[in-house]
Amino acid sequence: MNPEICVYAGSFDPITAGHLDIIRRGAAIFPKLVVAVLRNPSKKGAFTMEERLSMLERSCAGIPNVVFDSFDGLLVDYMRKIDAGVILRGLRAVSDFESEFQMAQLNRQMEPQVETFFLMTSPEHAYLSSSAVREIAMFGGDISPFVPAPIVQEVACKLRK
Ligand code: PNS
């Protein structure tokens, strides 16, 4: 498994400023960063897969070593498929630790050749999540501090009630 290929997986429904911070920092460390959106048939989500990928691409324009993809099933199977050796995760508050610890342990048990690499979130994003962004947008709040500039309008228009 190639340790130079790193995967940042998630729902990205939508990408937030916190995700973008982790993508930028991850791309500065690993030669190739794959941002992979989970296809989850049991969770419809606010945005379609095409919308999520398009928003990711527009938000990350100018970061040369980032590519975008989608996957379903187990993350470790996807890692094997593309020969990627590192999973990137961002840690926000202490409350993230338990579930992230569990996921990292289980993934490593299933595929010992894959390591999980954690970056601590920048403090201004510590309490940010896609679900909070969706809620703020739904009620007409200003989401411009919370999502990348190129997607502010699209998210606000689509979600406003
Ligand atoms: O955006 P999220 O919700 O933090 O992303 C979580 C994600 C997509 C990384 C995680 O749910 C995942 O890897 N799902 C794929 C299924 C899988 O591999 N599950 C086993 C993890 S122990």
# chains A, B, ... in the order shown; residues from 1 in each chain; ligands from 1
call {"tool": "residues_near_ligand", "arguments": {"ligand": "ligand 1", "cutoff": "7 Å", "atoms": "only C-alpha atoms and all ligand atoms", "output": "PDB file with N, CA, C and O atoms, in the first residue's frame"}}
result
ATOM      1  N   ALA A   9     -11.715  10.863   3.449  1.00  0.00           N
ATOM      2  CA  ALA A   9     -13.059  10.389   3.105  1.00  0.00           C
ATOM      3  C   ALA A   9     -14.095  11.065   3.991  1.00  0.00           C
ATOM      4  O   ALA A   9     -13.810  11.452   5.124  1.00  0.00           O
ATOM      5  N   GLY A  10     -15.291  11.203   3.464  1.00  0.00           N
ATOM      6  CA  GLY A  10     -16.363  11.780   4.275  1.00  0.00           C
ATOM      7  C   GLY A  10     -17.628  11.934   3.474  1.00  0.00           C
ATOM      8  O   GLY A  10     -17.706  11.517   2.308  1.00  0.00           O
ATOM      9  N   SER A  11     -18.626  12.542   4.110  1.00  0.00           N
ATOM     10  CA  SER A  11     -19.899  12.772   3.429  1.00  0.00           C
ATOM     11  C   SER A  11     -19.873  14.099   2.665  1.00  0.00           C
ATOM     12  O   SER A  11     -20.534  14.242   1.645  1.00  0.00           O
ATOM     13  N   PHE A  12     -19.193  15.092   3.186  1.00  0.00           N
ATOM     14  CA  PHE A  12     -19.051  16.409   2.551  1.00  0.00           C
ATOM     15  C   PHE A  12     -20.406  16.946   2.067  1.00  0.00           C
ATOM     16  O   PHE A  12     -20.571  17.277   0.893  1.00  0.00           O
ATOM     17  N   LEU A  38     -18.381   9.469   0.348  1.00  0.00           N
ATOM     18  CA  LEU A  38     -19.081   8.194   0.588  1.00  0.00           C
ATOM     19  C   LEU A  38     -20.446   8.199  -0.089  1.00  0.00           C
ATOM     20  O   LEU A  38     -21.262   9.095   0.135  1.00  0.00           O
ATOM     21  N   ASP A  72     -18.252   3.434  -2.353  1.00  0.00           N
ATOM     22  CA  ASP A  72     -19.245   2.866  -1.437  1.00  0.00           C
ATOM     23  C   ASP A  72     -18.624   1.642  -0.770  1.00  0.00           C
ATOM     24  O   ASP A  72     -17.527   1.218  -1.124  1.00  0.00           O
ATOM     25  N   GLY A  73     -19.316   1.111   0.209  1.00  0.00           N
ATOM     26  CA  GLY A  73     -18.768  -0.035   0.940  1.00  0.00           C
ATOM     27  C   GLY A  73     -17.740   0.406   1.957  1.00  0.00           C
ATOM     28  O   GLY A  73     -17.759   1.545   2.428  1.00  0.00           O
ATOM     29  N   LEU A  74     -16.833  -0.508   2.273  1.00  0.00           N
ATOM     30  CA  LEU A  74     -15.839  -0.230   3.316  1.00  0.00           C
ATOM     31  C   LEU A  74     -14.720   0.661   2.787  1.00  0.00           C
ATOM     32  O   LEU A  74     -14.229   0.477   1.674  1.00  0.00           O
ATOM     33  N   LEU A  75     -14.315   1.585   3.653  1.00  0.00           N
ATOM     34  CA  LEU A  75     -13.213   2.477   3.271  1.00  0.00           C
ATOM     35  C   LEU A  75     -11.936   1.674   3.003  1.00  0.00           C
ATOM     36  O   LEU A  75     -11.184   1.978   2.081  1.00  0.00           O
ATOM     37  N   VAL A  76     -11.686   0.636   3.822  1.00  0.00           N
ATOM     38  CA  VAL A  76     -10.442  -0.136   3.609  1.00  0.00           C
ATOM     39  C   VAL A  76     -10.439  -0.843   2.244  1.00  0.00           C
ATOM     40  O   VAL A  76      -9.381  -1.005   1.621  1.00  0.00           O
ATOM     41  N   GLN A 102     -12.199   4.466  17.619  1.00  0.00           N
ATOM     42  CA  GLN A 102     -12.829   3.193  17.245  1.00  0.00           C
ATOM     43  C   GLN A 102     -12.644   2.910  15.744  1.00  0.00           C
ATOM     44  O   GLN A 102     -12.241   1.808  15.349  1.00  0.00           O
ATOM     45  N   MET A 103     -12.918   3.932  14.925  1.00  0.00           N
ATOM     46  CA  MET A 103     -12.831   3.746  13.486  1.00  0.00           C
ATOM     47  C   MET A 103     -11.393   3.400  13.077  1.00  0.00           C
ATOM     48  O   MET A 103     -11.166   2.493  12.272  1.00  0.00           O
ATOM     49  N   ALA A 104     -10.428   4.120  13.651  1.00  0.00           N
ATOM     50  CA  ALA A 104      -9.017   3.874  13.303  1.00  0.00           C
ATOM     51  C   ALA A 104      -8.602   2.460  13.711  1.00  0.00           C
ATOM     52  O   ALA A 104      -7.906   1.761  12.954  1.00  0.00           O
ATOM     53  N   LEU A 106     -10.559  -0.232  14.144  1.00  0.00           N
ATOM     54  CA  LEU A 106     -11.232  -1.245  13.327  1.00  0.00           C
ATOM     55  C   LEU A 106     -10.651  -1.276  11.918  1.00  0.00           C
ATOM     56  O   LEU A 106     -10.422  -2.352  11.360  1.00  0.00           O
ATOM     57  N   ASN A 107     -10.397  -0.098  11.367  1.00  0.00           N
ATOM     58  CA  ASN A 107      -9.818  -0.068  10.021  1.00  0.00           C
ATOM     59  C   ASN A 107      -8.442  -0.724  10.005  1.00  0.00           C
ATOM     60  O   ASN A 107      -8.093  -1.450   9.078  1.00  0.00           O
TER      61      ASN A 107
END
call {"tool": "select_by_dssp", "arguments": {"residues": "stretch 4-125 of chain A", "states": "strand (DSSP E)", "output": "short mmCIF file (atom, residue, chain, number, x, y, z; two decimals) with N, CA and C atoms, in the first residue's frame"}}
result
data_model
loop_
_atom_site.label_atom_id
_atom_site.label_comp_id
_atom_site.auth_asym_id
_atom_site.auth_seq_id
_atom_site.Cartn_x
_atom_site.Cartn_y
_atom_site.Cartn_z
N GLU A 4 2.33 7.30 0.08
CA GLU A 4 2.31 8.64 -0.53
C GLU A 4 0.91 9.00 -1.03
N ILE A 5 0.00 8.01 -1.03
CA ILE A 5 -1.39 8.30 -1.44
C ILE A 5 -2.26 8.31 -0.19
N CYS A 6 -2.85 9.46 0.06
CA CYS A 6 -3.63 9.66 1.28
C CYS A 6 -5.10 9.92 0.89
N VAL A 7 -6.02 9.33 1.65
CA VAL A 7 -7.44 9.50 1.35
C VAL A 7 -8.13 10.26 2.48
N TYR A 8 -8.81 11.33 2.11
CA TYR A 8 -9.65 12.07 3.06
C TYR A 8 -11.10 11.76 2.68
N ALA A 9 -11.71 10.86 3.45
CA ALA A 9 -13.06 10.39 3.10
C ALA A 9 -14.10 11.07 3.99
N GLY A 10 -15.29 11.20 3.46
CA GLY A 10 -16.36 11.78 4.27
C GLY A 10 -17.63 11.93 3.47
N LYS A 32 -0.01 12.92 -2.84
CA LYS A 32 -1.29 12.85 -3.52
C LYS A 32 -2.40 12.70 -2.48
N LEU A 33 -3.38 13.58 -2.55
CA LEU A 33 -4.51 13.52 -1.62
C LEU A 33 -5.79 13.26 -2.41
N VAL A 34 -6.45 12.15 -2.07
CA VAL A 34 -7.71 11.81 -2.73
C VAL A 34 -8.85 12.17 -1.77
N VAL A 35 -9.71 13.08 -2.20
CA VAL A 35 -10.90 13.41 -1.38
C VAL A 35 -12.02 12.52 -1.89
N ALA A 36 -12.50 11.61 -1.05
CA ALA A 36 -13.44 10.58 -1.49
C ALA A 36 -14.77 10.73 -0.76
N VAL A 37 -15.84 10.89 -1.54
CA VAL A 37 -17.17 11.09 -0.97
C VAL A 37 -17.87 9.74 -0.84
N LEU A 38 -18.38 9.47 0.35
CA LEU A 38 -19.08 8.19 0.59
C LEU A 38 -20.45 8.20 -0.09
N VAL A 66 -4.54 17.45 -5.41
CA VAL A 66 -5.79 16.89 -4.86
C VAL A 66 -6.65 16.37 -6.00
N VAL A 67 -7.19 15.17 -5.84
CA VAL A 67 -8.15 14.63 -6.80
C VAL A 67 -9.41 14.22 -6.05
N PHE A 68 -10.49 14.01 -6.80
CA PHE A 68 -11.79 13.76 -6.18
C PHE A 68 -12.38 12.46 -6.71
N ASP A 69 -13.10 11.76 -5.82
CA ASP A 69 -13.68 10.48 -6.22
C ASP A 69 -14.85 10.19 -5.29
N SER A 70 -15.60 9.13 -5.60
CA SER A 70 -16.63 8.67 -4.67
C SER A 70 -16.41 7.18 -4.45
N PHE A 71 -16.95 6.67 -3.35
CA PHE A 71 -16.81 5.23 -3.07
C PHE A 71 -18.02 4.75 -2.30
N ALA A 84 -3.93 3.01 -1.71
CA ALA A 84 -3.62 4.15 -0.83
C ALA A 84 -3.28 3.65 0.58
N GLY A 85 -2.24 4.21 1.18
CA GLY A 85 -1.74 3.72 2.46
C GLY A 85 -2.15 4.52 3.67
N VAL A 86 -2.75 5.71 3.48
CA VAL A 86 -3.03 6.58 4.64
C VAL A 86 -4.45 7.14 4.56
N ILE A 87 -5.15 7.06 5.70
CA ILE A 87 -6.47 7.71 5.84
C ILE A 87 -6.24 8.99 6.64
N LEU A 88 -6.72 10.10 6.11
CA LEU A 88 -6.60 11.38 6.83
C LEU A 88 -7.92 11.69 7.54
N ARG A 89 -7.82 12.06 8.83
CA ARG A 89 -9.01 12.49 9.56
C ARG A 89 -8.68 13.78 10.32
N GLY A 90 -9.67 14.65 10.44
CA GLY A 90 -9.50 15.85 11.24
C GLY A 90 -10.14 15.63 12.60
N LEU A 91 -9.47 16.08 13.65
CA LEU A 91 -10.05 15.98 15.00
C LEU A 91 -10.44 17.37 15.47
N GLU A 115 -2.62 3.13 7.60
CA GLU A 115 -2.53 3.92 8.83
C GLU A 115 -3.52 5.08 8.78
N THR A 116 -4.04 5.46 9.95
CA THR A 116 -4.87 6.66 10.02
C THR A 116 -4.04 7.81 10.57
N PHE A 117 -4.10 8.94 9.91
CA PHE A 117 -3.27 10.11 10.23
C PHE A 117 -4.22 11.24 10.66
N PHE A 118 -4.02 11.76 11.87
CA PHE A 118 -4.94 12.79 12.39
C PHE A 118 -4.30 14.17 12.36
N LEU A 119 -5.10 15.13 11.94
CA LEU A 119 -4.70 16.54 12.07
C LEU A 119 -5.69 17.21 13.02
N MET A 120 -5.15 17.99 13.95
CA MET A 120 -6.04 18.76 14.83
C MET A 120 -6.61 19.93 14.04
#
call {"tool": "residues_around", "arguments": {"residues": "A:Asp13", "least_positions_apart": "3", "cutoff": "8 Å", "atoms": "only C-alpha atoms", "output": "tab-separated table (two decimals) with N, CA, C and O atoms, in the first residue's frame"}}
result
chain	number	residue	atom	x	y	z
A	45	GLY	N	-29.14	12.62	2.22
A	45	GLY	CA	-28.31	13.82	2.25
A	45	GLY	C	-29.00	15.00	1.60
A	45	GLY	O	-29.98	14.85	0.88
A	46	ALA	N	-28.47	16.19	1.86
A	46	ALA	CA	-29.08	17.42	1.33
A	46	ALA	C	-28.64	17.67	-0.11
A	46	ALA	O	-29.39	18.23	-0.90
A	47	PHE	N	-27.43	17.26	-0.45
A	47	PHE	CA	-26.89	17.50	-1.79
A	47	PHE	C	-26.62	16.18	-2.50
A	47	PHE	O	-26.27	15.19	-1.86
A	52	ARG	N	-22.04	17.56	-4.54
A	52	ARG	CA	-20.96	17.53	-3.53
A	52	ARG	C	-19.58	17.55	-4.20
A	52	ARG	O	-18.68	18.26	-3.77
A	130	SER	N	-20.94	19.93	8.94
A	130	SER	CA	-21.84	20.10	7.80
A	130	SER	C	-23.28	20.23	8.29
A	130	SER	O	-24.06	21.01	7.73
A	131	SER	N	-23.64	19.48	9.32
A	131	SER	CA	-25.04	19.54	9.78
A	131	SER	C	-25.36	20.92	10.38
A	131	SER	O	-26.45	21.46	10.18
call {"tool": "closest_atom_pairs", "arguments": {"of": "stretch 56-132 of chain A", "to": "stretch 136-155 of chain A", "cutoff": "12 Å", "atoms": "only C-alpha atoms", "output": "CSV"}}
result
residue,atom,partner,partner_atom,distance
A:Leu56,CA,A:Ile151,CA,8.9
A:Glu57,CA,A:Pro150,CA,9.9
A:Arg58,CA,A:Pro150,CA,6.4
A:Ser59,CA,A:Pro148,CA,5.8
A:Cys60,CA,A:Pro148,CA,8.8
A:Ala61,CA,A:Pro150,CA,9.6
A:Glu124,CA,A:Phe146,CA,9.6
A:His125,CA,A:Phe146,CA,8.0
A:Ala126,CA,A:Phe146,CA,11.2
A:Tyr127,CA,A:Phe146,CA,10.3
A:Leu128,CA,A:Phe146,CA,7.3
A:Ser129,CA,A:Phe146,CA,8.8
A:Ser130,CA,A:Val147,CA,9.0
A:Ser131,CA,A:Ile136,CA,8.7
A:Ala132,CA,A:Ile136,CA,6.2
call {"tool": "atom_distance", "arguments": {"atom1": "atom CA of A:Val133", "atom2": "atom CA of A:Cys157"}}
result
12.8 Å
call {"tool": "atom_distance", "arguments": {"atom1": "atom CA of A:Ile82", "atom2": "atom CA of A:Arg39"}}
result
16.5 Å
call {"tool": "atom_distance", "arguments": {"atom1": "atom CA of A:Asp83", "atom2": "atom CA of A:Ser42"}}
result
27.0 Å
call {"tool": "closest_residue", "arguments": {"among": "A:Arg134, A:Thr121, A:Asn2, A:Ala27", "to": "A:Gly62", "atoms": "only C-alpha atoms"}}
result
A:Ala27
call {"tool": "select_by_dssp", "arguments": {"residues": "chain A", "states": "helix (DSSP H, G or I)", "output": "mmCIF file with C-alpha atoms, in the first residue's frame"}}
result
data_model
loop_
_atom_site.group_PDB
_atom_site.id
_atom_site.type_symbol
_atom_site.label_atom_id
_atom_site.label_comp_id
_atom_site.auth_asym_id
_atom_site.auth_seq_id
_atom_site.Cartn_x
_atom_site.Cartn_y
_atom_site.Cartn_z
ATOM 1 C CA ALA A 17 -14.281 25.642 5.885
ATOM 2 C CA GLY A 18 -13.022 23.050 8.387
ATOM 3 C CA HIS A 19 -12.807 20.353 5.694
ATOM 4 C CA LEU A 20 -10.979 22.768 3.386
ATOM 5 C CA ASP A 21 -8.452 23.548 6.124
ATOM 6 C CA ILE A 22 -7.725 19.820 6.573
ATOM 7 C CA ILE A 23 -7.511 19.298 2.777
ATOM 8 C CA ARG A 24 -5.009 22.171 2.395
ATOM 9 C CA ARG A 25 -2.850 20.950 5.260
ATOM 10 C CA GLY A 26 -3.065 17.296 4.167
ATOM 11 C CA ALA A 27 -2.123 18.215 0.606
ATOM 12 C CA ALA A 28 0.963 19.997 1.939
ATOM 13 C CA ILE A 29 2.107 16.779 3.631
ATOM 14 C CA MET A 49 -23.197 13.241 -5.228
ATOM 15 C CA GLU A 50 -22.661 15.400 -8.324
ATOM 16 C CA GLU A 51 -23.315 18.598 -6.322
ATOM 17 C CA ARG A 52 -20.958 17.525 -3.528
ATOM 18 C CA LEU A 53 -18.152 16.687 -5.948
ATOM 19 C CA SER A 54 -18.655 19.910 -7.875
ATOM 20 C CA MET A 55 -18.582 21.974 -4.658
ATOM 21 C CA LEU A 56 -15.406 20.156 -3.538
ATOM 22 C CA GLU A 57 -13.728 20.793 -6.877
ATOM 23 C CA ARG A 58 -14.598 24.489 -6.912
ATOM 24 C CA SER A 59 -13.528 24.917 -3.277
ATOM 25 C CA LEU A 75 -13.213 2.477 3.271
ATOM 26 C CA VAL A 76 -10.442 -0.136 3.609
ATOM 27 C CA ASP A 77 -11.682 -1.865 0.426
ATOM 28 C CA TYR A 78 -11.510 1.442 -1.399
ATOM 29 C CA MET A 79 -7.981 2.006 -0.017
ATOM 30 C CA ARG A 80 -6.919 -1.395 -1.387
ATOM 31 C CA LYS A 81 -8.543 -0.657 -4.731
ATOM 32 C CA ILE A 82 -6.557 2.542 -5.291
ATOM 33 C CA VAL A 94 -12.364 15.904 22.489
ATOM 34 C CA SER A 95 -15.814 14.477 21.733
ATOM 35 C CA ASP A 96 -14.560 13.321 18.308
ATOM 36 C CA PHE A 97 -11.904 11.162 19.905
ATOM 37 C CA GLU A 98 -13.987 8.133 20.919
ATOM 38 C CA SER A 99 -15.551 7.466 17.526
ATOM 39 C CA GLU A 100 -12.379 8.307 15.620
ATOM 40 C CA PHE A 101 -10.338 6.012 17.871
ATOM 41 C CA GLN A 102 -12.829 3.193 17.245
ATOM 42 C CA MET A 103 -12.831 3.746 13.486
ATOM 43 C CA ALA A 104 -9.017 3.874 13.303
ATOM 44 C CA GLN A 105 -8.672 0.679 15.374
ATOM 45 C CA LEU A 106 -11.232 -1.245 13.327
ATOM 46 C CA ASN A 107 -9.818 -0.068 10.021
ATOM 47 C CA ARG A 108 -6.307 -1.069 11.085
ATOM 48 C CA GLN A 109 -7.540 -4.474 12.238
ATOM 49 C CA MET A 110 -9.201 -5.019 8.860
ATOM 50 C CA PRO A 123 -9.376 26.464 16.510
ATOM 51 C CA GLU A 124 -11.794 28.616 14.505
ATOM 52 C CA HIS A 125 -13.327 25.443 13.044
ATOM 53 C CA SER A 130 -21.843 20.095 7.802
ATOM 54 C CA SER A 131 -25.039 19.541 9.782
ATOM 55 C CA ALA A 132 -24.628 22.874 11.615
ATOM 56 C CA VAL A 133 -24.014 24.629 8.280
ATOM 57 C CA ARG A 134 -27.180 23.041 6.852
ATOM 58 C CA GLU A 135 -29.202 24.204 9.834
ATOM 59 C CA ILE A 136 -27.877 27.780 9.729
ATOM 60 C CA ALA A 137 -28.538 27.955 5.967
ATOM 61 C CA MET A 138 -32.026 26.510 6.308
ATOM 62 C CA ALA A 149 -16.336 31.310 -0.645
ATOM 63 C CA PRO A 150 -17.079 29.715 -4.074
ATOM 64 C CA ILE A 151 -20.034 27.718 -2.691
ATOM 65 C CA VAL A 152 -21.691 30.182 -0.281
ATOM 66 C CA GLN A 153 -24.458 31.179 -2.722
ATOM 67 C CA GLU A 154 -25.235 27.654 -3.869
ATOM 68 C CA VAL A 155 -25.548 26.266 -0.337
ATOM 69 C CA ALA A 156 -27.608 29.220 0.871
ATOM 70 C CA CYS A 157 -29.991 29.095 -2.125
ATOM 71 C CA LYS A 158 -30.495 25.350 -2.076
ATOM 72 C CA LEU A 159 -31.177 25.030 1.642
#
